[in-house]
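A quick write-up on the structure given underneath.
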Number of protein chains: 2
Amino acid sequence: VSTPLVGMVGGGQLARMTAQAAIPLGLTLAVLTSGPQDAAASTGAPMIGSHISLEDLVAFAERCDVLTFDHEHVPPEHLAALAEKGYRLHPGPDALHFAQDKQAMRVRLGELGVPVPAWQPASGPADVARFAERYGWPVVAKAVRGGYDGRGVWVLADAAAAAELLAATAAIDLLIEEYVPPRRELAVLVARSPRGEVRTWPLIETVQREGICVETLVPVADPPPAAAALGDRIATALGVTGVLAVELFERPDGGVLVNELAMRPHNSGHWSIEGSRTSQFEQHLRAVLDWPLGETALAAPAVAMANVIGGVDPGVCARLPSVLGADPALKVHLYGKEFRPGRKLGHVTALGEDLAEVRRRATAGAAALVGDRP
Amino acid sequence: VSTPLVGMVGGGQLARMTAQAAIPLGLTLAVLTSGPQDAAASTGAPMIGSHISLEDLVAFAERCDVLTFDHEHVPPEHLAALAEKGYRLHPGPDALHFAQDKQAMRVRLGELGVPVPAWQPASGPADVARFAERYGWPVVAKAVRGGYDGRGVWVLADAAAAAELLAATAAIDLLIEEYVPPRRELAVLVARSPRGEVRTWPLIETVQREGICVETLVPVADPPPAAAALGDRIATALGVTGVLAVELFERPDGGVLVNELAMRPHNSGHWSIEGSRTSQFEQHLRAVLDWPLGETALAAPAVAMANVIGGVDPGVCARLPSVLGADPALKVHLYGKEFRPGRKLGHVTALGEDLAEVRRRATAGAAALVGDRP
């Protein structure tokens with residue numbers, strides 16, 4: 001049995017769930033993981049190594065037919081070196097650049113005529129003050145590279161806060177952008193294969209708390225007309241291969257602005273494991289192998305996902321049986337990660353006829369797992 | 001993170017799919033497998049060893065919190081020895097006895113008043129002839145122990161065939177039973193936990209060819225009224241823990257007879273991976289851990305599964321992309337097993353509104369994978 005070996009750089013929950021999706025396709029997922037404590041270290045075929053070591057990356061690429069990624073933190077110069085040596089990378093360095101560098105992304109999207117929040121590089125306190133004169137306080141500051149899950153993002157209330165942040169982050173590149181009080185936050189999830197096939201999932205509402213996605217809801221009532229086509233347009237223009245998540249702000253007037261891009265399976269798509277005919281993890285594998293993509297229709301009229309985020313009380317695993325007992329139709333996903341407050345430890349999906357009802361069930365299950373009293 | 005370690009004896013596709021189901025529950029499945037070529041050897045945590053070696057079984061049990069099985073071939077004396085040493089086995093030896101010994105199963109079901117085909121031990125050609133006088137030819141002969149997937153079952157056309165079989169199988173125990181020309185073959189799939197919770201999936205029609213299940217269809221039109229309750233009744237009476245599959249013949253008059261029992265995830269339940277809110281593999285894990293069982297409702301109005309059974313042409317994996325392209329909503333499961341004619345290499349599931357349509361799609365997908373022209 002000769003099957004291609006897909007290698008995923010990174011051993012977190014995205015790699016874990018991709019490894020799960022590889023099994024029915026008759027594939028094994030190789031993962032480059034930092035150690036046995038990682039979520040994906042016990043699934044697929046792990047190789048212990050570092051994503052910032054070119055030597056480890058080359059050794060890993062050498063055993064795989066195609067390389068893909070569960071995060072954006074491989075140094076761009078290593079991506080270029082791997083491509084130069086002829087390894088197949090999906091997404092490739094040219095596309096990944098726009099997921100790694102928020103400034104480059106905003107410039108490119110602007111060229112494409114895709115709406116983004118007003119922004120500019122943050123070169124000094126005077127710049128920020130001038131920007132705030134035009135767009136008002138608060139102003140959002142973002143690290144150009146390396147941020148994720150709310151890290152590397154700051155909401156600046158006033159000039160003093162701006163000065164303090166700029167002093168504290170003198171060594172890193174920042175950009176500033178207008179604070180958009182969104183009506184809703186949305187996500188468009190698509191996959192694109194090297195041959196150019198694109199499939200789009202139904203539009204997703206994401207509920208954020210402190211910069212972290214805590215819930216997703218599908219379908220979206222009254223979807224803004226401009227949203228759905230953005231995924232295909234951006235994936236095709238940037239040459240993305242694999243899954244692309246486009247995070248959107250919806251303005252009160254129904255217009256949408258692109259907030260962030262991620263070129264990998266994404267938290268906004270975890271609901272698709274049970275909620276879509278093809279999960280984002282299966283689709284990502286099909287895309288990076290340049291296989292035909294799967295149907296993205298909903299598998300139920302309403303799907304809600306709630307993240308299981310570590311609270312004060314460990315013992316999430318110990319609470320699992322009682323949570324399963326309280327709602328026998330709930331689908332719980334635990335990532336096998338060590339407990340830490342604020343850490344994403346799993347997610348819970350509920351499917352049904354009514355979005356309000358499945359939302360209530362998913363959030364109740366997630367809260368019970370982390371030990372919150374309702 | 002302290003989670004229980006479930007160990008499954010056997011490394012076939014049932015263990016492979018159970019390992020897949022273990023991932024979202026935050027569990028790792030340990031498998032006792034004969035070698036790296038096994039379907040489950042690349043999933044979960046494999047230990048190479050033999051299911052007929054008590055030493056290997058004890059070493060495996062020593063690392064696991066609970067033991068379960070992907071086949072019925074562990075010698076009964078080893079099961080008894082493991083239970084005696086205090087290891088947790090689910091199902092336990094007392095229940096498994098009725099899955100391993102067809103004669104004991106028929107005696108016990110008879111005591112329970114569960115309808116089975118007329119049968120008797122086959123002690124000699126004269127017995128078979130007398131039985132045929134009463135029930136007619138053909139007569140079905142079965143090995144009391146060790147048969148599976150059509151092996152160990154013979155349909156005897158006449159006295160000469162009976163004499164020939166008995167001469168050829170003098171070393172093994174046989175039973176004979178009436179040949180029941182079924183209206184349909186059906187299966188009741190249930191799971192039962194040690195605490196006594198039982199959940200039953202919707203009734204399944206199984207389509208057999210040469211003693212091998214080739215298709216399953218859910219739901220069953222005009223289900224025989226007696227069928228649904230049989231699973232719970234048998235599981236409870238026999239003290240089964242984990243999944244129990246009850247294979248049934250439906251007589252033309254709508255009555256049902258129990259044909260076989262399997263105390264593990266079963267081919268008749270593969271459709272449940274996408275087709276039920278809880279798959280048989282997840283449910284088996286929950287049951288053997290004595291966790292609350294999951295909802296067994298259908299996830300779609302109609303679900304059809306077709307087995308991928310090796311034909312003359314290898315290259316099943318090479319045909320996968322084109323099969324995925326021909327029907328983007330098809331769910332393909334390949335087991336990572338080496339090609340061999342007649343071997344179960346995978347299965348294909350289609351979900352939709354109309355049973356005839358999903359059946360056509362599933363069988364078309366399976367046929368295309370094995371290289372059959374439509």
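The way I read the labels, and the way they are meant: chains A, B, ... in the order of the structure tokens, residue 1 as the first residue of every chain, and ligand 1 as the first ligand shown, with later ones counted on from there.
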### Query
Once you count only C-alpha atoms, which residues of chain B turn out to be within 8 Å of chain A? Could you give them as a PyMOL selection string?
chain B and resi 1-3+16-17+20+23-28+42-45+274+277-278+291-295+299-300+315+317-318+321-322+324-325+328-330+332-339
### Query
as a PyMOL selection string, which residues of range 200-345 of chain A does DSSP assign to helix (DSSP H, G or I)?
chain A and resi 230-238+267-269+272-275+280-288+316-326
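Atom pair CA of Ser34 in chain B / CA of Ser50 in chain B has a distance of 5.8 Å (rounded to one decimal).
Of the listed residues B:Val218, B:Val288, B:Val155, B:Ala80, the one whose atoms come nearest to Val180 in chain B is B:Val155, with distances taken using only C-alpha atoms.
Summary of the local environment: counting only C-alpha atoms, residues at most 9 Å from range 251-259 of chain A, other than itself and those fewer than 4 positions away along its chain, are Arg106, Leu109, Val114, Pro115, Val116, Pro117, Val180, Pro181, Pro182, Arg183, Arg184, Leu186, Pro223, Pro224, Pro225, Ala226, Ala227, Leu230, Val246 and Glu247 of chain A.
Between CA of Met47 in chain A and CA of Gly342 in chain A the separation is 27.6 Å.
Take the candidates A:Pro91, A:Pro202, A:Pro75, A:Gly124 and check each one against Thr169 in chain A using only C-alpha atoms; the shortest distance goes to A:Gly124.
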Which residues are close to range 127-135 of chain B, i.e. within 9 Å by only C-alpha atoms, leaving aside same-chain residues fewer than 2 positions away? Reply as a tab-separated table (two decimals) with all heavy atoms, in the first residue's frame.
```tsv
chain	number	residue	atom	x	y	z
B	118	ALA	N	-33.85	-23.63	13.91
B	118	ALA	CA	-33.73	-25.00	14.44
B	118	ALA	C	-32.29	-25.46	14.25
B	118	ALA	O	-31.68	-25.21	13.21
B	118	ALA	CB	-34.70	-25.91	13.70
B	119	TRP	N	-31.74	-26.13	15.25
B	119	TRP	CA	-30.33	-26.52	15.16
B	119	TRP	C	-30.10	-27.76	16.01
B	119	TRP	O	-30.91	-28.11	16.87
B	119	TRP	CB	-29.42	-25.38	15.63
B	119	TRP	CG	-29.48	-25.19	17.13
B	119	TRP	CD1	-30.42	-24.49	17.82
B	119	TRP	CD2	-28.60	-25.76	18.10
B	119	TRP	NE1	-30.18	-24.57	19.16
B	119	TRP	CE2	-29.07	-25.35	19.37
B	119	TRP	CE3	-27.46	-26.57	18.02
B	119	TRP	CZ2	-28.44	-25.73	20.56
B	119	TRP	CZ3	-26.83	-26.94	19.20
B	119	TRP	CH2	-27.32	-26.52	20.47
B	120	GLN	N	-28.95	-28.38	15.81
B	120	GLN	CA	-28.48	-29.44	16.72
B	120	GLN	C	-27.01	-29.67	16.47
B	120	GLN	O	-26.48	-29.30	15.43
B	120	GLN	CB	-29.29	-30.72	16.50
B	120	GLN	CG	-29.08	-31.37	15.14
B	120	GLN	CD	-29.81	-32.69	15.01
B	120	GLN	OE1	-31.00	-32.82	15.32
B	120	GLN	NE2	-29.11	-33.71	14.56
B	121	PRO	N	-26.32	-30.28	17.42
B	121	PRO	CA	-24.92	-30.63	17.15
B	121	PRO	C	-24.86	-31.65	16.01
B	121	PRO	O	-25.79	-32.44	15.84
B	121	PRO	CB	-24.45	-31.28	18.47
B	121	PRO	CG	-25.46	-30.89	19.49
B	121	PRO	CD	-26.75	-30.69	18.77
B	122	ALA	N	-23.82	-31.55	15.21
B	122	ALA	CA	-23.66	-32.48	14.09
B	122	ALA	C	-22.70	-33.57	14.50
B	122	ALA	O	-21.48	-33.38	14.45
B	122	ALA	CB	-23.14	-31.74	12.87
B	123	SER	N	-23.24	-34.71	14.94
B	123	SER	CA	-22.31	-35.75	15.41
B	123	SER	C	-21.96	-36.73	14.30
B	123	SER	O	-20.91	-37.36	14.35
B	123	SER	CB	-22.90	-36.45	16.63
B	123	SER	OG	-24.29	-36.59	16.51
B	124	GLY	N	-22.80	-36.87	13.29
B	124	GLY	CA	-22.45	-37.78	12.20
B	124	GLY	C	-23.41	-37.62	11.04
B	124	GLY	O	-24.44	-36.94	11.16
B	125	PRO	N	-23.07	-38.23	9.89
B	125	PRO	CA	-23.90	-38.10	8.69
B	125	PRO	C	-25.36	-38.52	8.91
B	125	PRO	O	-26.27	-37.93	8.34
B	125	PRO	CB	-23.22	-39.03	7.67
B	125	PRO	CG	-21.82	-39.15	8.16
B	125	PRO	CD	-21.86	-39.04	9.65
B	137	TRP	N	-33.40	-30.02	2.75
B	137	TRP	CA	-32.11	-29.54	2.25
B	137	TRP	C	-32.30	-28.18	1.62
B	137	TRP	O	-33.39	-27.92	1.12
B	137	TRP	CB	-31.53	-30.53	1.22
B	137	TRP	CG	-31.21	-31.88	1.77
B	137	TRP	CD1	-31.96	-33.00	1.63
B	137	TRP	CD2	-30.07	-32.25	2.55
B	137	TRP	NE1	-31.38	-34.08	2.27
B	137	TRP	CE2	-30.20	-33.63	2.85
B	137	TRP	CE3	-28.95	-31.55	3.04
B	137	TRP	CZ2	-29.26	-34.32	3.61
B	137	TRP	CZ3	-28.01	-32.26	3.77
B	137	TRP	CH2	-28.16	-33.62	4.06
B	138	PRO	N	-31.33	-27.30	1.55
B	138	PRO	CA	-30.01	-27.50	2.15
B	138	PRO	C	-30.05	-27.38	3.67
B	138	PRO	O	-31.00	-26.83	4.23
B	138	PRO	CB	-29.19	-26.36	1.55
B	138	PRO	CG	-30.19	-25.28	1.29
B	138	PRO	CD	-31.46	-25.99	0.91
B	139	VAL	N	-28.97	-27.90	4.27
B	139	VAL	CA	-28.76	-27.75	5.72
B	139	VAL	C	-27.51	-26.89	5.88
B	139	VAL	O	-26.55	-27.02	5.10
B	139	VAL	CB	-28.57	-29.14	6.36
B	139	VAL	CG1	-27.96	-29.03	7.75
B	139	VAL	CG2	-29.90	-29.89	6.39
B	158	ASP	N	-26.87	-31.70	0.01
B	158	ASP	CA	-27.43	-33.05	0.10
B	158	ASP	C	-26.58	-33.91	1.04
B	158	ASP	O	-25.58	-33.45	1.59
B	158	ASP	CB	-27.52	-33.68	-1.30
B	158	ASP	CG	-26.19	-33.62	-2.04
B	158	ASP	OD1	-25.12	-33.65	-1.37
B	158	ASP	OD2	-26.19	-33.50	-3.27
B	159	ALA	N	-26.98	-35.16	1.15
B	159	ALA	CA	-26.31	-36.06	2.09
B	159	ALA	C	-24.84	-36.29	1.72
B	159	ALA	O	-23.98	-36.41	2.59
B	159	ALA	CB	-27.06	-37.39	2.15
B	162	ALA	N	-22.85	-33.43	2.95
B	162	ALA	CA	-22.74	-33.51	4.40
B	162	ALA	C	-21.66	-34.51	4.79
B	162	ALA	O	-20.81	-34.23	5.65
B	162	ALA	CB	-24.09	-33.89	5.00
B	163	ALA	N	-21.66	-35.66	4.16
B	163	ALA	CA	-20.68	-36.69	4.49
B	163	ALA	C	-19.27	-36.20	4.19
B	163	ALA	O	-18.34	-36.38	4.99
B	163	ALA	CB	-20.99	-37.97	3.69
B	176	ILE	N	-25.39	-28.09	13.07
B	176	ILE	CA	-26.17	-27.91	11.85
B	176	ILE	C	-27.44	-27.14	12.20
B	176	ILE	O	-27.94	-27.22	13.32
B	176	ILE	CB	-26.53	-29.26	11.18
B	176	ILE	CG1	-27.12	-30.23	12.20
B	176	ILE	CG2	-25.31	-29.84	10.49
B	176	ILE	CD1	-27.62	-31.53	11.59
B	177	GLU	N	-27.91	-26.39	11.21
B	177	GLU	CA	-29.16	-25.69	11.46
B	177	GLU	C	-29.95	-25.57	10.17
B	177	GLU	O	-29.44	-25.76	9.08
B	177	GLU	CB	-28.92	-24.33	12.11
B	177	GLU	CG	-28.13	-23.36	11.31
B	177	GLU	CD	-27.86	-22.06	12.09
B	177	GLU	OE1	-27.83	-22.06	13.33
B	177	GLU	OE2	-27.67	-21.03	11.42
B	178	GLU	N	-31.23	-25.26	10.35
B	178	GLU	CA	-32.10	-25.14	9.18
B	178	GLU	C	-31.64	-23.98	8.32
B	178	GLU	O	-31.15	-22.96	8.82
B	178	GLU	CB	-33.55	-24.92	9.62
B	178	GLU	CG	-33.74	-23.65	10.40
B	178	GLU	CD	-35.21	-23.31	10.70
B	178	GLU	OE1	-36.07	-23.53	9.85
B	178	GLU	OE2	-35.45	-22.81	11.84
B	179	TYR	N	-31.79	-24.16	7.03
B	179	TYR	CA	-31.51	-23.07	6.10
B	179	TYR	C	-32.74	-22.17	6.07
B	179	TYR	O	-33.83	-22.62	5.72
B	179	TYR	CB	-31.21	-23.63	4.72
B	179	TYR	CG	-31.00	-22.56	3.68
B	179	TYR	CD1	-29.79	-21.87	3.60
B	179	TYR	CD2	-32.02	-22.22	2.79
B	179	TYR	CE1	-29.61	-20.88	2.66
B	179	TYR	CE2	-31.84	-21.22	1.84
B	179	TYR	CZ	-30.63	-20.56	1.79
B	179	TYR	OH	-30.45	-19.56	0.85
```
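Atom to atom, CA of Pro219 in chain A and CA of Ala362 in chain B stand 28.0 Å apart.
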### Query
Using only C-alpha atoms, which residue out of B:Val243, B:Leu32, B:Ala356, B:Ala59 lies closest to Thr200 in chain B?
B:Val243
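Minimum atom-to-atom distances from B:Leu82, B:Ala235, B:Ala245, B:Leu189 to Leu203 in chain B were compared using only C-alpha atoms, and the lowest value belongs to B:Leu189.
If only C-alpha atoms are the atoms counted, then among B:Gly7, B:Leu14, B:Gly152, B:Glu111 the closest residue to Ile234 in chain B is B:Glu111.
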### Task
Tell me, as a PyMOL selection string, which residues lie within 12 Å of Ala367 in chain B, counting only C-alpha atoms; anything in the same chain fewer than 2 positions away does not count.
chain B and resi 214-215+306-313+316+319-320+323+346-348+360-365+369-374
Keeping N, CA and C atoms for every residue in the selection just given, could you write it to a file as an mmCIF file, in the first residue's frame?
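Once written, selection-v7.cif looks like this:
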```cif
data_model
loop_
_atom_site.group_PDB
_atom_site.id
_atom_site.type_symbol
_atom_site.label_atom_id
_atom_site.label_comp_id
_atom_site.auth_asym_id
_atom_site.auth_seq_id
_atom_site.Cartn_x
_atom_site.Cartn_y
_atom_site.Cartn_z
ATOM 1 N N VAL B 214 -21.778 -6.951 2.653
ATOM 2 C CA VAL B 214 -21.261 -6.051 1.620
ATOM 3 C C VAL B 214 -21.881 -4.659 1.683
ATOM 4 N N GLU B 215 -23.107 -4.572 2.237
ATOM 5 C CA GLU B 215 -23.772 -3.271 2.351
ATOM 6 C C GLU B 215 -24.580 -3.234 3.630
ATOM 7 N N ALA B 306 -21.143 0.729 1.988
ATOM 8 C CA ALA B 306 -20.736 -0.388 1.136
ATOM 9 C C ALA B 306 -19.286 -0.731 1.455
ATOM 10 N N ASN B 307 -19.028 -2.018 1.632
ATOM 11 C CA ASN B 307 -17.657 -2.433 1.900
ATOM 12 C C ASN B 307 -16.804 -2.359 0.644
ATOM 13 N N VAL B 308 -15.541 -2.040 0.845
ATOM 14 C CA VAL B 308 -14.554 -2.062 -0.228
ATOM 15 C C VAL B 308 -13.809 -3.390 -0.087
ATOM 16 N N ILE B 309 -14.135 -4.329 -0.959
ATOM 17 C CA ILE B 309 -13.598 -5.684 -0.854
ATOM 18 C C ILE B 309 -12.700 -5.933 -2.049
ATOM 19 N N GLY B 310 -11.454 -6.283 -1.764
ATOM 20 C CA GLY B 310 -10.458 -6.432 -2.818
ATOM 21 C C GLY B 310 -10.948 -7.311 -3.951
ATOM 22 N N GLY B 311 -10.788 -6.834 -5.176
ATOM 23 C CA GLY B 311 -11.186 -7.595 -6.356
ATOM 24 C C GLY B 311 -9.963 -8.190 -7.019
ATOM 25 N N VAL B 312 -9.819 -7.989 -8.316
ATOM 26 C CA VAL B 312 -8.647 -8.528 -9.003
ATOM 27 C C VAL B 312 -7.546 -7.480 -9.124
ATOM 28 N N ASP B 313 -7.931 -6.227 -8.979
ATOM 29 C CA ASP B 313 -7.034 -5.136 -9.327
ATOM 30 C C ASP B 313 -6.558 -4.418 -8.060
ATOM 31 N N VAL B 316 -6.044 0.302 -4.957
ATOM 32 C CA VAL B 316 -7.205 0.972 -4.357
ATOM 33 C C VAL B 316 -6.842 2.405 -3.951
ATOM 34 N N ARG B 319 -6.694 4.876 -6.716
ATOM 35 C CA ARG B 319 -7.985 5.291 -7.271
ATOM 36 C C ARG B 319 -8.752 6.232 -6.354
ATOM 37 N N LEU B 320 -8.274 6.384 -5.105
ATOM 38 C CA LEU B 320 -9.023 7.196 -4.141
ATOM 39 C C LEU B 320 -9.307 8.622 -4.645
ATOM 40 N N VAL B 323 -12.188 8.764 -7.059
ATOM 41 C CA VAL B 323 -13.467 8.425 -6.415
ATOM 42 C C VAL B 323 -13.967 9.610 -5.596
ATOM 43 N N GLY B 346 -11.710 -1.497 3.165
ATOM 44 C CA GLY B 346 -12.265 -0.214 3.575
ATOM 45 C C GLY B 346 -13.767 -0.246 3.452
ATOM 46 N N HIS B 347 -14.363 0.903 3.638
ATOM 47 C CA HIS B 347 -15.797 1.024 3.386
ATOM 48 C C HIS B 347 -16.105 2.456 2.977
ATOM 49 N N VAL B 348 -17.283 2.617 2.431
ATOM 50 C CA VAL B 348 -17.714 3.899 1.894
ATOM 51 C C VAL B 348 -19.106 4.188 2.438
ATOM 52 N N ARG B 360 -27.090 3.736 -4.009
ATOM 53 C CA ARG B 360 -26.449 3.774 -5.323
ATOM 54 C C ARG B 360 -25.088 4.469 -5.228
ATOM 55 N N ARG B 361 -25.037 5.569 -4.483
ATOM 56 C CA ARG B 361 -23.779 6.304 -4.365
ATOM 57 C C ARG B 361 -22.714 5.500 -3.623
ATOM 58 N N ALA B 362 -23.123 4.851 -2.538
ATOM 59 C CA ALA B 362 -22.139 4.088 -1.749
ATOM 60 C C ALA B 362 -21.600 2.910 -2.544
ATOM 61 N N THR B 363 -22.471 2.177 -3.207
ATOM 62 C CA THR B 363 -21.999 1.014 -3.963
ATOM 63 C C THR B 363 -21.168 1.451 -5.168
ATOM 64 N N ALA B 364 -21.532 2.563 -5.779
ATOM 65 C CA ALA B 364 -20.738 3.062 -6.910
ATOM 66 C C ALA B 364 -19.334 3.445 -6.439
ATOM 67 N N GLY B 365 -19.251 4.089 -5.281
ATOM 68 C CA GLY B 365 -17.947 4.483 -4.749
ATOM 69 C C GLY B 365 -17.086 3.274 -4.421
ATOM 70 N N LEU B 369 -13.566 2.092 -6.263
ATOM 71 C CA LEU B 369 -12.305 1.930 -5.522
ATOM 72 C C LEU B 369 -11.627 0.599 -5.837
ATOM 73 N N VAL B 370 -12.427 -0.468 -5.989
ATOM 74 C CA VAL B 370 -11.807 -1.764 -6.272
ATOM 75 C C VAL B 370 -11.560 -1.966 -7.758
ATOM 76 N N GLY B 371 -11.951 -0.971 -8.571
ATOM 77 C CA GLY B 371 -11.617 -1.036 -9.988
ATOM 78 C C GLY B 371 -12.678 -1.701 -10.836
ATOM 79 N N ASP B 372 -13.872 -1.963 -10.284
ATOM 80 C CA ASP B 372 -14.966 -2.512 -11.096
ATOM 81 C C ASP B 372 -15.498 -1.436 -12.014
ATOM 82 N N ARG B 373 -15.729 -1.828 -13.242
ATOM 83 C CA ARG B 373 -16.446 -0.944 -14.163
ATOM 84 C C ARG B 373 -17.921 -0.985 -13.784
ATOM 85 N N PRO B 374 -18.611 0.141 -13.837
ATOM 86 C CA PRO B 374 -20.029 0.118 -13.476
ATOM 87 C C PRO B 374 -20.849 -0.616 -14.542
#
```
### For His97 in chain B: contacts at 8 Å, only C-alpha atoms, fewer than 5 positions along chain excluded, given as a ChimeraX atom specification
/B:76,104-105
Based on the selection just made, write N, CA and C atoms of those residues as a compact mmCIF listing (two decimals), in the first residue's frame.
```txt
# COMPACT_ATOMS: atom_id res chain seq x y z
N PRO B 76 -10.42 -18.99 25.38
CA PRO B 76 -11.24 -18.81 26.59
C PRO B 76 -10.45 -19.01 27.88
N ALA B 104 -23.09 -22.89 22.54
CA ALA B 104 -23.47 -22.33 23.85
C ALA B 104 -24.43 -21.15 23.65
N MET B 105 -24.18 -20.33 22.62
CA MET B 105 -25.05 -19.19 22.34
C MET B 105 -26.46 -19.66 22.02
```
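Residues with any atom within 9 Å of range 209-212 of chain B, counting only C-alpha atoms and excluding same-chain neighbours fewer than 3 positions away, are Tyr148, Asp149, Gly150, Arg151 and Val153 of chain B.
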